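Here is the file query.cif (mmCIF, C-alpha atoms).
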data_entry
loop_
_atom_site.group_PDB
_atom_site.id
_atom_site.type_symbol
_atom_site.label_atom_id
_atom_site.label_comp_id
_atom_site.auth_asym_id
_atom_site.auth_seq_id
_atom_site.Cartn_x
_atom_site.Cartn_y
_atom_site.Cartn_z
ATOM 1 C CA MET A 231 -23.620 -9.413 2.163
ATOM 2 C CA THR A 232 -21.549 -6.990 0.133
ATOM 3 C CA THR A 233 -18.512 -5.126 1.362
ATOM 4 C CA ARG A 234 -17.460 -2.239 -0.853
ATOM 5 C CA ILE A 235 -13.708 -1.680 -0.793
ATOM 6 C CA VAL A 236 -12.190 1.520 -2.165
ATOM 7 C CA LEU A 237 -8.514 1.026 -3.017
ATOM 8 C CA VAL A 238 -6.217 4.031 -3.198
ATOM 9 C CA ARG A 239 -2.498 4.117 -3.920
ATOM 10 C CA HIS A 240 -0.468 6.164 -1.474
ATOM 11 C CA ALA A 241 0.396 9.704 -2.531
ATOM 12 C CA GLN A 242 3.813 10.667 -3.911
ATOM 13 C CA SER A 243 6.545 9.544 -1.544
ATOM 14 C CA VAL A 244 10.197 10.395 -1.179
ATOM 15 C CA PRO A 245 12.032 8.048 -3.570
ATOM 16 C CA PRO A 246 13.956 5.129 -2.095
ATOM 17 C CA TRP A 247 17.724 5.522 -1.875
ATOM 18 C CA PHE A 248 19.744 3.971 -4.678
ATOM 19 C CA GLY A 249 21.528 0.829 -3.470
ATOM 20 C CA VAL A 250 19.739 0.783 -0.090
ATOM 21 C CA PRO A 251 16.842 -1.503 0.920
ATOM 22 C CA ASP A 252 13.506 0.308 1.071
ATOM 23 C CA ASP A 253 12.452 1.953 4.312
ATOM 24 C CA ASP A 254 9.024 1.601 5.914
ATOM 25 C CA GLN A 255 9.452 5.109 7.350
ATOM 26 C CA ARG A 256 9.910 6.734 3.931
ATOM 27 C CA PRO A 257 7.482 9.701 4.046
ATOM 28 C CA LEU A 258 5.403 11.566 1.512
ATOM 29 C CA THR A 259 6.915 14.483 -0.352
ATOM 30 C CA PRO A 260 5.405 17.939 0.289
ATOM 31 C CA ALA A 261 3.426 17.443 -2.948
ATOM 32 C CA GLY A 262 2.255 14.061 -1.634
ATOM 33 C CA VAL A 263 1.051 15.639 1.611
ATOM 34 C CA GLU A 264 -0.946 18.206 -0.377
ATOM 35 C CA ALA A 265 -2.368 15.486 -2.633
ATOM 36 C CA ALA A 266 -3.499 13.498 0.431
ATOM 37 C CA LYS A 267 -5.269 16.582 1.790
ATOM 38 C CA SER A 268 -6.889 17.232 -1.589
ATOM 39 C CA LEU A 269 -8.015 13.631 -1.962
ATOM 40 C CA ALA A 270 -9.651 13.504 1.466
ATOM 41 C CA GLY A 271 -12.742 15.459 0.431
ATOM 42 C CA ARG A 272 -13.486 13.191 -2.504
ATOM 43 C CA LEU A 273 -12.943 10.032 -0.508
ATOM 44 C CA THR A 274 -15.165 10.993 2.405
ATOM 45 C CA ALA A 275 -18.102 10.958 -0.028
ATOM 46 C CA TYR A 276 -17.975 7.151 0.080
ATOM 47 C CA GLY A 277 -18.852 7.224 3.766
ATOM 48 C CA PRO A 278 -16.568 4.407 4.888
ATOM 49 C CA ALA A 279 -17.121 2.540 8.131
ATOM 50 C CA ALA A 280 -13.393 1.857 8.472
ATOM 51 C CA VAL A 281 -10.094 3.247 7.214
ATOM 52 C CA LEU A 282 -7.428 0.594 6.770
ATOM 53 C CA SER A 283 -3.813 1.195 5.820
ATOM 54 C CA SER A 284 -0.492 -0.441 5.282
ATOM 55 C CA PRO A 285 1.673 0.251 8.346
ATOM 56 C CA GLN A 286 4.186 2.045 6.108
ATOM 57 C CA LEU A 287 4.447 5.752 6.945
ATOM 58 C CA ARG A 288 3.668 6.958 3.409
ATOM 59 C CA ALA A 289 0.401 5.017 3.372
ATOM 60 C CA VAL A 290 -0.630 6.203 6.850
ATOM 61 C CA GLN A 291 0.188 9.799 5.882
ATOM 62 C CA THR A 292 -2.035 9.446 2.816
ATOM 63 C CA VAL A 293 -5.026 8.204 4.795
ATOM 64 C CA THR A 294 -4.778 10.506 7.796
ATOM 65 C CA PRO A 295 -6.516 13.592 6.319
ATOM 66 C CA ALA A 296 -9.543 11.543 5.212
ATOM 67 C CA ALA A 297 -9.667 9.603 8.482
ATOM 68 C CA ASP A 298 -9.507 12.860 10.440
ATOM 69 C CA ALA A 299 -12.304 14.374 8.343
ATOM 70 C CA LEU A 300 -14.419 11.288 8.981
ATOM 71 C CA GLY A 301 -13.629 11.085 12.690
ATOM 72 C CA LEU A 302 -12.296 7.545 12.178
ATOM 73 C CA ALA A 303 -9.125 5.946 13.447
ATOM 74 C CA VAL A 304 -6.556 4.663 10.988
ATOM 75 C CA THR A 305 -6.263 0.902 11.407
ATOM 76 C CA THR A 306 -3.040 -0.606 10.106
ATOM 77 C CA TRP A 307 -2.808 -4.221 9.003
ATOM 78 C CA PRO A 308 0.618 -5.736 8.274
ATOM 79 C CA GLU A 309 -0.893 -7.784 5.445
ATOM 80 C CA LEU A 310 -1.704 -4.559 3.559
ATOM 81 C CA ARG A 311 1.937 -3.591 3.198
ATOM 82 C CA GLU A 312 3.662 -3.215 -0.145
ATOM 83 C CA TRP A 313 5.272 -6.095 -1.983
ATOM 84 C CA GLU A 314 8.343 -7.226 -0.093
ATOM 85 C CA SER A 315 10.245 -7.722 -3.348
ATOM 86 C CA GLY A 316 13.688 -8.201 -1.849
ATOM 87 C CA LEU A 317 15.013 -5.970 -4.628
ATOM 88 C CA VAL A 318 17.207 -2.996 -3.805
ATOM 89 C CA PRO A 319 16.886 0.135 -5.995
ATOM 90 C CA SER A 320 19.679 -0.258 -8.529
ATOM 91 C CA ALA A 321 20.677 0.411 -12.130
ATOM 92 C CA ASP A 322 19.117 -2.900 -13.207
ATOM 93 C CA TRP A 323 15.942 -2.751 -11.107
ATOM 94 C CA GLU A 324 13.612 -2.567 -14.142
ATOM 95 C CA ALA A 325 15.035 -5.771 -15.609
ATOM 96 C CA ARG A 326 14.867 -7.512 -12.222
ATOM 97 C CA TYR A 327 11.240 -6.455 -11.737
ATOM 98 C CA ALA A 328 10.400 -7.653 -15.246
ATOM 99 C CA ARG A 329 11.888 -11.057 -14.390
ATOM 100 C CA SER A 330 9.770 -11.163 -11.227
ATOM 101 C CA TRP A 331 6.603 -10.464 -13.215
ATOM 102 C CA ALA A 332 7.575 -13.084 -15.807
ATOM 103 C CA HIS A 333 8.246 -15.627 -13.035
ATOM 104 C CA PRO A 334 5.797 -14.818 -10.205
ATOM 105 C CA GLY A 335 7.016 -17.701 -8.059
ATOM 106 C CA SER A 336 10.581 -16.363 -7.932
ATOM 107 C CA VAL A 337 12.019 -14.810 -4.780
ATOM 108 C CA HIS A 338 14.858 -12.286 -4.411
ATOM 109 C CA GLY A 339 16.880 -12.571 -1.217
ATOM 110 C CA ALA A 340 14.649 -12.277 1.844
ATOM 111 C CA GLY A 341 11.737 -10.936 -0.239
ATOM 112 C CA GLU A 342 8.448 -12.574 -1.140
ATOM 113 C CA SER A 343 7.341 -13.844 -4.520
ATOM 114 C CA LEU A 344 4.518 -12.210 -6.423
ATOM 115 C CA ASP A 345 2.569 -15.433 -5.876
ATOM 116 C CA ALA A 346 2.987 -14.937 -2.109
ATOM 117 C CA LEU A 347 1.919 -11.289 -2.449
ATOM 118 C CA THR A 348 -1.195 -12.353 -4.360
ATOM 119 C CA SER A 349 -2.069 -14.851 -1.638
ATOM 120 C CA ARG A 350 -1.491 -12.265 1.104
ATOM 121 C CA ALA A 351 -3.655 -9.669 -0.671
ATOM 122 C CA GLY A 352 -6.442 -12.212 -1.208
ATOM 123 C CA LYS A 353 -6.443 -13.092 2.481
ATOM 124 C CA ALA A 354 -6.568 -9.383 3.373
ATOM 125 C CA LEU A 355 -9.601 -8.880 1.115
ATOM 126 C CA ALA A 356 -11.333 -11.895 2.656
ATOM 127 C CA ARG A 357 -10.596 -10.529 6.133
ATOM 128 C CA MET A 358 -12.093 -7.154 5.160
ATOM 129 C CA ALA A 359 -15.271 -8.818 3.937
ATOM 130 C CA GLU A 360 -15.514 -10.863 7.121
ATOM 131 C CA GLU A 361 -14.796 -8.050 9.569
ATOM 132 C CA TYR A 362 -16.724 -5.337 7.713
ATOM 133 C CA PRO A 363 -19.783 -6.934 6.071
ATOM 134 C CA ASP A 364 -22.180 -4.664 4.191
ATOM 135 C CA VAL A 365 -20.086 -1.487 4.564
ATOM 136 C CA THR A 366 -17.502 0.541 2.676
ATOM 137 C CA VAL A 367 -13.841 0.172 3.622
ATOM 138 C CA ARG A 368 -10.900 2.197 2.334
ATOM 139 C CA TRP A 369 -7.508 0.620 1.900
ATOM 140 C CA TRP A 370 -4.502 2.868 1.383
ATOM 141 C CA GLY A 371 -1.320 1.294 0.198
ATOM 142 C CA ARG A 372 -0.022 -0.371 -2.862
ATOM 143 C CA THR A 373 1.355 -3.671 -3.960
ATOM 144 C CA GLY A 374 4.345 -2.597 -6.033
ATOM 145 C CA ARG A 375 7.316 -0.336 -5.436
ATOM 146 C CA SER A 376 7.236 3.453 -5.290
#

Mind turning this structure into structure tokens?
Amino acid sequence: MTTRIVLVRHAQSVPPWFGVPDDDQRPLTPAGVEAAKSLAGRLTAYGPAAVLSSPQLRAVQTVTPAADALGLAVTTWPELREWESGLVPSADWEARYARSWAHPGSVHGAGESLDALTSRAGKALARMAEEYPDVTVRWWGRTGRS
């Protein structure tokens, strides 16, 4: 059995607020909405049997035009959400992210480590293969910050 998974990063989203924890309801920008519409035609060519998404609004907004064109529902899985880094957008965010990548077992506040993210993503891929054998699945979302 072979499951083909097409991974797509969400379209351009409104930037997170400086000094404020990220928001799951952060939407796409107008340019991001247009990019999602433009991308839909190319993605439907894969003929997916399922459209999966992070539950975050920006990811769902990215997948909706393709799902609508395909007549498929958008299925959200919590395990497909972005990295819960625990980092707040700040002047030193680049250095803090670099430390996270250098030490993937480290955790910031209530966030998850990159090791935990890797485990979560691996389990999500295994679940896709189990639930959707021998078909194409699309996953919209991303694992880093936007």

Non-local contacts of A:Ile235 (10 Å; only C-alpha atoms; under 5 positions in same chain excluded) as a list in words: Tyr276, Pro278, Ala280, Leu355, Met358, Ala359, Tyr362, Val365, Thr366, Val367, Arg368 and Trp369 of chain A

Find the distance between atom CA of A:Asp253 and atom CA of A:Glu312 and write it in Å to one decimal.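 These atoms are spaced 11.1 Å apart.
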
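Using only C-alpha atoms, the shortest contact distance between A:Leu317 and any of A:Arg239, A:Arg350, A:Arg329, A:His338 is found at A:His338.
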
Restricting the calculation to only C-alpha atoms: of A:Leu310, A:Val244, A:Ala270, A:Ala321, which residue gets closest to A:Ala297? A:Ala270

Between atom CA of A:Ala332 and atom CA of A:Asp345, what is the distance, to one decimal in Å?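 These two atoms are separated by 11.4 Å.
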
Tell me which protein, DNA and RNA residues are within 9 Å of A:Gln291, counting only C-alpha atoms, leaving out same-chain ones fewer than 2 positions away, and put them as a PyMOL selection string. chain A and resi 240-241+257-258+262-263+266+286-289+293-295

Given only C-alpha atoms as the basis, pick out the residue of A:Trp323, A:Ser315, A:Asp364, A:Ser268 nearest to A:Ala346.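 Among the listed residues, A:Ser315 lies closest to A:Ala346.
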
Counting only C-alpha atoms, which of A:Pro363, A:Arg311, A:Leu347, A:Ala265 gets nearest to A:Pro334?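 For A:Pro334, the nearest of the candidates is A:Leu347.
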
Top pick for closest residue to A:Leu344, considering A:Thr274, A:Ser283, A:Ser330, A:Thr233 and counting only C-alpha atoms: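 Nearest candidate to A:Leu344 out of A:Thr274, A:Ser283, A:Ser330, A:Thr233: A:Ser330.
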
As an exercise, work out the distance from atom CA of A:Ala328 to atom CA of A:Ser343 in Å and give it to one decimal place.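 A separation of 12.8 Å between them.
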